[in-house]
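Next up, query.txt (compact mmCIF, C-alpha atoms and all ligand atoms):
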```txt
# COMPACT_ATOMS: atom_id res chain seq x y z
CA MET N 26 -88.51 38.80 4.97
CA LYS N 27 -89.39 35.19 4.17
CA ALA N 28 -91.92 33.19 6.21
CA GLU N 29 -93.86 30.00 5.75
CA LEU N 30 -97.05 31.16 7.47
CA ALA N 31 -99.21 34.20 6.86
CA VAL N 32 -102.24 35.79 8.44
CA ILE N 33 -104.53 38.03 6.42
CA GLY N 34 -106.27 40.29 8.88
CA GLY N 35 -109.64 41.85 8.33
CA LEU N 36 -111.23 44.68 10.21
CA GLY N 37 -110.03 45.20 13.75
CA LEU N 38 -107.08 42.80 13.62
CA GLN N 39 -103.69 44.40 14.00
CA LEU N 40 -100.14 43.32 14.81
CA ASP N 41 -97.22 45.54 15.76
CA GLY N 42 -94.16 45.79 13.59
CA LEU N 43 -92.54 47.58 10.71
CA PRO N 44 -94.30 46.98 7.39
CA GLU N 45 -92.23 45.99 4.38
CA GLU N 46 -93.29 46.58 0.82
CA VAL N 47 -93.43 43.68 -1.64
CA ARG N 48 -93.62 44.61 -5.31
CA THR N 49 -96.07 42.55 -7.34
CA PRO N 50 -97.44 42.76 -10.91
CA TYR N 51 -100.60 44.11 -9.26
CA GLY N 52 -98.92 46.92 -7.37
CA PRO N 53 -97.05 47.16 -4.06
CA VAL N 54 -98.36 45.29 -1.02
CA GLN N 55 -97.47 46.04 2.59
CA VAL N 56 -96.63 42.96 4.65
CA LEU N 57 -95.66 43.01 8.27
CA PRO N 58 -93.12 40.45 9.53
CA ALA N 59 -94.15 39.35 13.03
CA ARG N 60 -93.77 36.54 15.54
CA LEU N 61 -96.68 34.52 16.85
CA LYS N 62 -95.95 31.80 19.41
CA ASP N 63 -92.30 31.52 18.40
CA ARG N 64 -93.05 31.25 14.71
CA ASP N 65 -92.24 33.80 12.05
CA ILE N 66 -95.32 34.92 10.18
CA LEU N 67 -96.22 37.59 7.69
CA PHE N 68 -99.24 39.65 8.56
CA VAL N 69 -101.17 41.46 5.84
CA PRO N 70 -103.87 43.96 6.74
CA ARG N 71 -106.29 43.13 3.94
CA HIS N 72 -107.81 46.56 3.63
CA GLY N 73 -104.47 48.39 3.68
CA GLU N 74 -103.96 52.05 4.43
CA PRO N 75 -106.04 54.06 3.57
CA HIS N 76 -108.74 51.55 4.32
CA LEU N 77 -110.06 50.00 1.09
CA PRO N 78 -113.62 48.65 0.76
CA PRO N 79 -114.00 44.90 0.03
CA HIS N 80 -114.48 45.35 -3.72
CA LYS N 81 -111.28 47.42 -4.00
CA VAL N 82 -108.96 45.15 -1.98
CA ASN N 83 -105.89 44.07 -3.96
CA TYR N 84 -106.58 40.34 -3.58
CA ARG N 85 -104.22 39.31 -6.36
CA GLY N 86 -101.43 41.52 -5.03
CA ILE N 87 -101.80 40.09 -1.53
CA ILE N 88 -101.69 36.43 -2.56
CA TRP N 89 -98.85 37.10 -5.04
CA ALA N 90 -96.82 38.92 -2.35
CA LEU N 91 -97.28 36.02 0.06
CA LYS N 92 -96.26 33.40 -2.49
CA GLU N 93 -93.25 35.52 -3.43
CA SER N 94 -92.27 35.68 0.25
CA GLY N 95 -92.15 31.90 0.60
CA VAL N 96 -95.51 31.51 2.29
CA ALA N 97 -97.16 28.09 2.00
CA ARG N 98 -100.03 28.45 4.47
CA VAL N 99 -102.46 31.27 5.02
CA ILE N 100 -105.00 31.90 7.76
CA SER N 101 -107.51 34.51 6.77
CA ALA N 102 -109.72 36.40 9.22
CA ASN N 103 -113.14 37.46 7.96
CA THR N 104 -116.38 38.74 9.40
CA VAL N 105 -119.78 37.38 8.44
CA GLY N 106 -123.48 37.73 8.98
CA SER N 107 -125.27 34.52 9.94
CA MET N 108 -128.05 33.16 7.76
CA SER N 109 -128.56 30.12 10.02
CA CYS N 110 -128.90 31.37 13.61
CA HIS N 111 -125.23 31.16 14.62
CA PRO N 112 -124.75 33.13 17.83
CA VAL N 113 -123.30 36.59 17.34
CA GLY N 114 -119.70 36.53 18.58
CA SER N 115 -119.21 32.86 17.67
CA TYR N 116 -116.82 31.60 15.00
CA PHE N 117 -117.51 29.85 11.71
CA LEU N 118 -115.09 27.77 9.61
CA PRO N 119 -115.96 27.61 5.89
CA VAL N 120 -115.67 24.25 4.13
CA ASP N 121 -117.06 25.51 0.83
CA PHE N 122 -118.18 28.75 -0.78
CA VAL N 123 -120.55 30.34 -3.27
CA GLU N 124 -119.87 33.76 -4.68
CA PHE N 125 -121.93 36.58 -6.09
CA THR N 126 -119.19 39.10 -6.80
CA HIS N 127 -118.88 40.85 -10.14
CA SER N 128 -116.08 43.41 -10.21
CA ARG N 129 -113.10 41.45 -8.87
CA SER N 130 -110.22 39.90 -10.77
CA ASN N 131 -110.29 36.29 -9.69
CA THR N 132 -107.35 34.66 -11.48
CA PHE N 133 -103.60 34.94 -12.05
CA PHE N 134 -104.13 33.29 -15.46
CA GLU N 135 -105.81 36.01 -17.52
CA ASP N 136 -104.73 34.73 -20.93
CA ARG N 137 -104.53 30.97 -20.47
CA ALA N 138 -107.15 28.34 -19.83
CA VAL N 139 -106.33 27.23 -16.30
CA HIS N 140 -109.17 25.59 -14.39
CA VAL N 141 -107.99 25.02 -10.87
CA ASP N 142 -109.77 22.24 -8.97
CA MET N 143 -112.09 23.67 -6.34
CA SER N 144 -113.46 20.48 -4.83
CA ILE N 145 -111.65 21.15 -1.53
CA PRO N 146 -111.36 24.95 -1.48
CA TYR N 147 -110.24 25.31 2.14
CA CYS N 148 -107.29 23.35 3.51
CA PRO N 149 -108.64 20.64 5.85
CA GLU N 150 -105.39 20.50 7.82
CA LEU N 151 -105.30 24.23 8.52
CA ARG N 152 -109.01 24.26 9.30
CA SER N 153 -108.56 21.50 11.83
CA CYS N 154 -105.83 23.56 13.56
CA LEU N 155 -108.28 26.45 13.78
CA LYS N 156 -110.96 24.14 15.12
CA SER N 157 -108.66 22.70 17.79
CA ALA N 158 -107.56 26.22 18.75
CA LEU N 159 -111.19 27.30 19.10
CA LEU N 160 -112.13 24.24 21.18
CA SER N 161 -109.10 24.70 23.44
CA LEU N 162 -110.33 28.23 24.16
CA GLY N 163 -113.84 27.05 25.00
CA GLN N 164 -115.36 28.17 21.69
CA LYS N 165 -117.70 25.89 19.79
CA PRO N 166 -117.19 26.68 16.10
CA SER N 167 -119.68 25.89 13.37
CA ALA N 168 -118.80 25.02 9.80
CA GLY N 169 -120.45 25.17 6.40
CA VAL N 170 -120.83 27.26 3.28
CA TYR N 171 -119.59 30.84 3.04
CA VAL N 172 -121.40 33.11 0.60
CA CYS N 173 -119.48 36.10 -0.73
CA THR N 174 -121.39 39.15 -1.92
CA GLU N 175 -119.97 42.12 -3.78
CA GLY N 176 -121.00 44.84 -1.32
CA PRO N 177 -120.16 47.42 -0.27
CA HIS N 178 -123.78 47.69 0.83
CA LEU N 179 -125.15 45.03 3.13
CA GLU N 180 -127.69 42.67 1.62
CA SER N 181 -131.40 43.31 1.30
CA PRO N 182 -133.90 41.00 3.07
CA ALA N 183 -134.87 39.42 -0.27
CA GLN N 184 -131.22 38.82 -1.16
CA ILE N 185 -130.74 37.01 2.16
CA ARG N 186 -133.86 34.89 1.56
CA MET N 187 -132.25 33.79 -1.71
CA LEU N 188 -128.71 33.35 -0.35
CA ARG N 189 -129.74 31.26 2.62
CA GLN N 190 -130.89 28.60 0.15
CA VAL N 191 -127.23 28.06 -0.77
CA GLY N 192 -125.13 28.99 2.24
CA ASP N 193 -124.86 29.47 5.98
CA VAL N 194 -123.05 32.79 6.41
CA VAL N 195 -122.51 35.85 4.25
CA GLY N 196 -119.45 38.10 3.95
CA MET N 197 -117.70 40.31 1.42
CA THR N 198 -113.98 39.51 1.66
CA GLY N 199 -113.58 35.74 1.35
CA TYR N 200 -113.62 35.71 -2.43
CA PRO N 201 -111.56 35.77 -4.65
CA GLU N 202 -108.93 35.26 -1.92
CA VAL N 203 -109.78 31.56 -1.56
CA ALA N 204 -109.61 30.90 -5.32
CA LEU N 205 -106.37 32.84 -5.79
CA ALA N 206 -104.76 31.01 -2.88
CA ARG N 207 -105.64 27.77 -4.61
CA GLU N 208 -104.18 28.94 -7.91
CA ALA N 209 -101.02 29.73 -5.97
CA CYS N 210 -101.14 26.20 -4.43
CA LEU N 211 -101.25 27.64 -0.92
CA CYS N 212 -103.03 26.07 2.02
CA TYR N 213 -105.80 28.49 2.91
CA ALA N 214 -108.33 28.48 5.74
CA SER N 215 -110.65 31.15 6.99
CA LEU N 216 -111.68 32.03 10.53
CA CYS N 217 -114.96 33.92 10.37
CA LEU N 218 -116.30 35.98 13.24
CA VAL N 219 -120.11 36.08 13.24
CA THR N 220 -120.85 39.76 13.84
CA ASN N 221 -124.61 39.89 13.19
CA PRO N 222 -127.68 38.00 12.05
CA ALA N 223 -127.94 38.62 8.30
CA CYS N 224 -130.35 41.29 7.14
CA GLY N 225 -133.99 40.54 7.93
CA LEU N 226 -133.16 37.77 10.41
CA ALA N 227 -132.95 39.94 13.53
CA GLY N 228 -135.75 42.16 14.79
CA PRO N 229 -137.78 44.10 12.24
CA GLY N 230 -136.09 47.34 11.20
CA ASP N 231 -132.80 46.49 12.98
CA LEU N 232 -129.86 48.38 11.56
CA LEU N 233 -126.80 46.20 11.31
CA ALA N 234 -123.82 48.38 10.49
CA SER N 235 -123.10 49.80 13.96
CA ASP N 236 -123.52 46.39 15.64
CA ILE N 237 -121.02 44.92 13.21
CA SER N 238 -118.25 47.41 14.01
CA GLU N 239 -118.90 47.09 17.74
CA MET N 240 -118.67 43.29 17.57
CA ILE N 241 -115.44 43.44 15.57
CA ARG N 242 -113.88 45.82 18.08
CA LYS N 243 -114.96 43.71 21.06
CA SER N 244 -113.65 40.45 19.59
CA SER N 245 -110.30 41.46 18.11
CA GLU N 246 -108.15 40.28 21.05
CA ARG N 247 -109.94 36.94 21.20
CA THR N 248 -109.63 36.44 17.43
CA LEU N 249 -105.89 37.05 17.65
CA GLU N 250 -105.59 34.59 20.52
CA ILE N 251 -107.38 31.92 18.46
CA ILE N 252 -105.09 32.52 15.49
CA SER N 253 -101.98 32.41 17.71
CA ARG N 254 -103.11 29.12 19.22
CA ALA N 255 -103.79 27.71 15.74
CA VAL N 256 -100.35 28.81 14.53
CA GLU N 257 -98.83 26.87 17.44
CA LEU N 258 -100.71 23.75 16.29
CA ILE N 259 -99.76 23.86 12.60
CA PRO N 260 -97.45 20.92 11.85
CA GLN N 261 -94.07 21.68 10.25
CA ARG N 262 -94.85 19.56 7.18
CA ARG N 263 -97.95 19.82 5.03
CA SER N 264 -99.85 16.54 4.74
CA CYS N 265 -102.75 17.91 2.66
CA ARG N 266 -102.87 18.07 -1.14
CA CYS N 267 -103.14 21.85 -1.57
CA GLN N 268 -99.69 22.07 -3.11
CA GLU N 269 -100.91 19.92 -6.03
CA ALA N 270 -103.88 22.18 -6.79
CA LEU N 271 -102.64 23.07 -10.26
CA SER N 272 -101.86 19.55 -11.42
CA GLY N 273 -104.11 18.81 -14.37
CA ALA N 274 -105.55 22.32 -14.27
CA ILE N 275 -103.55 23.77 -17.15
CA ILE N 276 -105.32 22.95 -20.41
N1 LIG H 1 -123.20 40.83 5.13
C1 LIG H 1 -122.05 40.91 4.44
N2 LIG H 1 -120.87 41.00 5.03
C2 LIG H 1 -120.81 41.02 6.37
C3 LIG H 1 -121.98 40.93 7.15
C4 LIG H 1 -123.23 40.84 6.51
O1 LIG H 1 -124.31 40.76 7.13
N3 LIG H 1 -121.58 40.96 8.45
C5 LIG H 1 -120.24 41.07 8.44
N4 LIG H 1 -119.75 41.10 7.20
```
If you took the structure in this file and wrote it as structure tokens, what would it be?
Amino acid sequence: MKAELAVIGGLGLQLDGLPEEVRTPYGPVQVLPARLKDRDILFVPRHGEPHLPPHKVNYRGIIWALKESGVARVISANTVGSMSCHPVGSYFLPVDFVEFTHSRSNTFFEDRAVHVDMSIPYCPELRSCLKSALLSLGQKPSAGVYVCTEGPHLESPAQIRMLRQVGDVVGMTGYPEVALAREACLCYASLCLVTNPACGLAGPGDLLASDISEMIRKSSERTLEIISRAVELIPQRRSCRCQEALSGAII
């Protein structure tokens, strides 16, 4: 099926429907055609089945499959730990990112010098739809810099002391998705659920992992409601410049 909008779902986010397989140069990807607020969308469960850890997700396959299916705009759902006292259960909208991954293929252009512009990594138009959706549901989102770590382990206290010098929240799935979406000239915005204070920022000796899964489970309906509301607000025509992301990038 073809659709103009897509949602990449992280942990806990599910939609009903019959998955279809899209073949890509990076292997098959399951996409699920669905309807949200009277609009056709494609839903992709990022971690697939069986559930893949963040460093094994087929990021290139997912973005390729969406482009191939006619998608122009992507909302991505991620979970993060806060490095700046954001309340657990609140939402964060990245405007920029820093990444510390090391095993992930981060380009479609393996053998050519293509340097895609990253000065506006997240689509401002899509982000503002997410922000309006959040506000209309009584949520006060924060915004700032998303730091992506390789995982799969959570960070150490010293790592967080370093990372909080450069960013506001930390997660494992936002990169290279954002960069690949840009290479594909897609509008891309991320809705991050704050599931925990980052390591070392809660009480001493607090273990984070079980709190994270509990928070994800508790918030999944609300996250879907926010995304549905945002989908309703997305204008038919794109007025951002994401579709020109590759102009001048091919050397
Ligand atoms: N670190 C990395 N990824 C995460 C975290 C975290 O604290 N919380 C949710 N995803």
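Considering only C-alpha atoms, the residue among N:Ile251, N:Ala214, N:Met26, N:Val172 positioned nearest to Met108 (chain N) is N:Val172.
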Taking (-119.9, 39.1, 17.6) in the file's coordinates, which residues come within 9 Å, counting all atoms listed in the file, written as a list in words?
->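 Counting all atoms listed in the file, I find these residues within 9 Å of (-119.9, 39.1, 17.6): Thr104, Pro112, Val113, Gly114, Ser115, Tyr116, Leu218, Val219, Thr220, Asn221, Asp236, Ile237, Glu239, Met240, Ile241, Lys243 and Ser244 of chain N.
Note that CA of His178 (chain N) and CA of Pro53 (chain N) are 27.2 Å apart.
Taking CA of Leu118 (chain N) and CA of Thr132 (chain N) as the two end points, the separation is 23.5 Å.
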Using all atoms listed in the file, find each residue with an atom at most 10 Å away from ligand LIG 1 (chain H) and format the answer as a PyMOL selection string.
-> chain N and resi 36+79+103-108+172-181+185+194-199+217-226+233-234+236-238+240-241
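For Phe134 (chain N), the residues within 12 Å (counting only C-alpha atoms, excluding itself and residues fewer than 2 positions away along the chain) are Arg85, Ser130, Asn131, Thr132, Asp136, Arg137, Ala138, Val139, His140, Val141, Ala204, Leu205, Glu208, Ala209, Leu271, Ala274, Ile275 and Ile276 of chain N.
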Would you mind exporting C-alpha atoms of the selected residues as a PDB file, in the frame of the given file?
```
ATOM      1  CA  ARG N  85    -104.220  39.310  -6.360  1.00  0.00           C
ATOM      2  CA  SER N 130    -110.220  39.900 -10.770  1.00  0.00           C
ATOM      3  CA  ASN N 131    -110.290  36.290  -9.690  1.00  0.00           C
ATOM      4  CA  THR N 132    -107.350  34.660 -11.480  1.00  0.00           C
ATOM      5  CA  ASP N 136    -104.730  34.730 -20.930  1.00  0.00           C
ATOM      6  CA  ARG N 137    -104.530  30.970 -20.470  1.00  0.00           C
ATOM      7  CA  ALA N 138    -107.150  28.340 -19.830  1.00  0.00           C
ATOM      8  CA  VAL N 139    -106.330  27.230 -16.300  1.00  0.00           C
ATOM      9  CA  HIS N 140    -109.170  25.590 -14.390  1.00  0.00           C
ATOM     10  CA  VAL N 141    -107.990  25.020 -10.870  1.00  0.00           C
ATOM     11  CA  ALA N 204    -109.610  30.900  -5.320  1.00  0.00           C
ATOM     12  CA  LEU N 205    -106.370  32.840  -5.790  1.00  0.00           C
ATOM     13  CA  GLU N 208    -104.180  28.940  -7.910  1.00  0.00           C
ATOM     14  CA  ALA N 209    -101.020  29.730  -5.970  1.00  0.00           C
ATOM     15  CA  LEU N 271    -102.640  23.070 -10.260  1.00  0.00           C
ATOM     16  CA  ALA N 274    -105.550  22.320 -14.270  1.00  0.00           C
ATOM     17  CA  ILE N 275    -103.550  23.770 -17.150  1.00  0.00           C
ATOM     18  CA  ILE N 276    -105.320  22.950 -20.410  1.00  0.00           C
TER      19      ILE N 276
END
```
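Of the listed residues (N:Leu211, N:Leu77, N:Ile88, N:Leu61), N:Ile88 comes nearest to Val47 (chain N); the distances count only C-alpha atoms.
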Just how far from CA of Glu150 (chain N) is CA of Ile259 (chain N), in Å to one decimal?
->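 Computed distance, CA of Ile259 (chain N) to CA of Glu150 (chain N), equals 8.1 Å.
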Using only C-alpha atoms: which of N:Gly228, N:Phe125, N:Gly35, N:Arg60 has the shortest distance to Gln184 (chain N) =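 Once distances to Gln184 (chain N) are computed over only C-alpha atoms, the minimum belongs to N:Phe125.
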Find the residue from N:Ile100, N:Ser128, N:Ala183, N:Ser235 that sits nearest to Pro149 (chain N); use all atoms listed in the file when measuring.
->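 Closest to Pro149 (chain N), using all atoms listed in the file: N:Ile100.
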Show me as number ranges by chain the residues that reach within 7 Å of (-107.3, 44.5, 5.9), counting all atoms listed in the file and using the file's own coordinates.
-> N: 34-36, 69-73
Excluding Arg207 (chain N) and any residue of its chain fewer than 5 positions from it, enumerate the residues within 10 Å of it, using only C-alpha atoms, and give them as a PyMOL selection string.
-> chain N and resi 88+132+141-143+145-148+201-202+212-213+267-271
Go through N:Leu43, N:Glu124, N:Thr49, N:Gly37 one by one, measure the shortest atom-to-atom distance of each to Thr248 (chain N) using only C-alpha atoms, and give the residue with the smallest value.
->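 Distance minimum relative to Thr248 (chain N) lands on N:Gly37.
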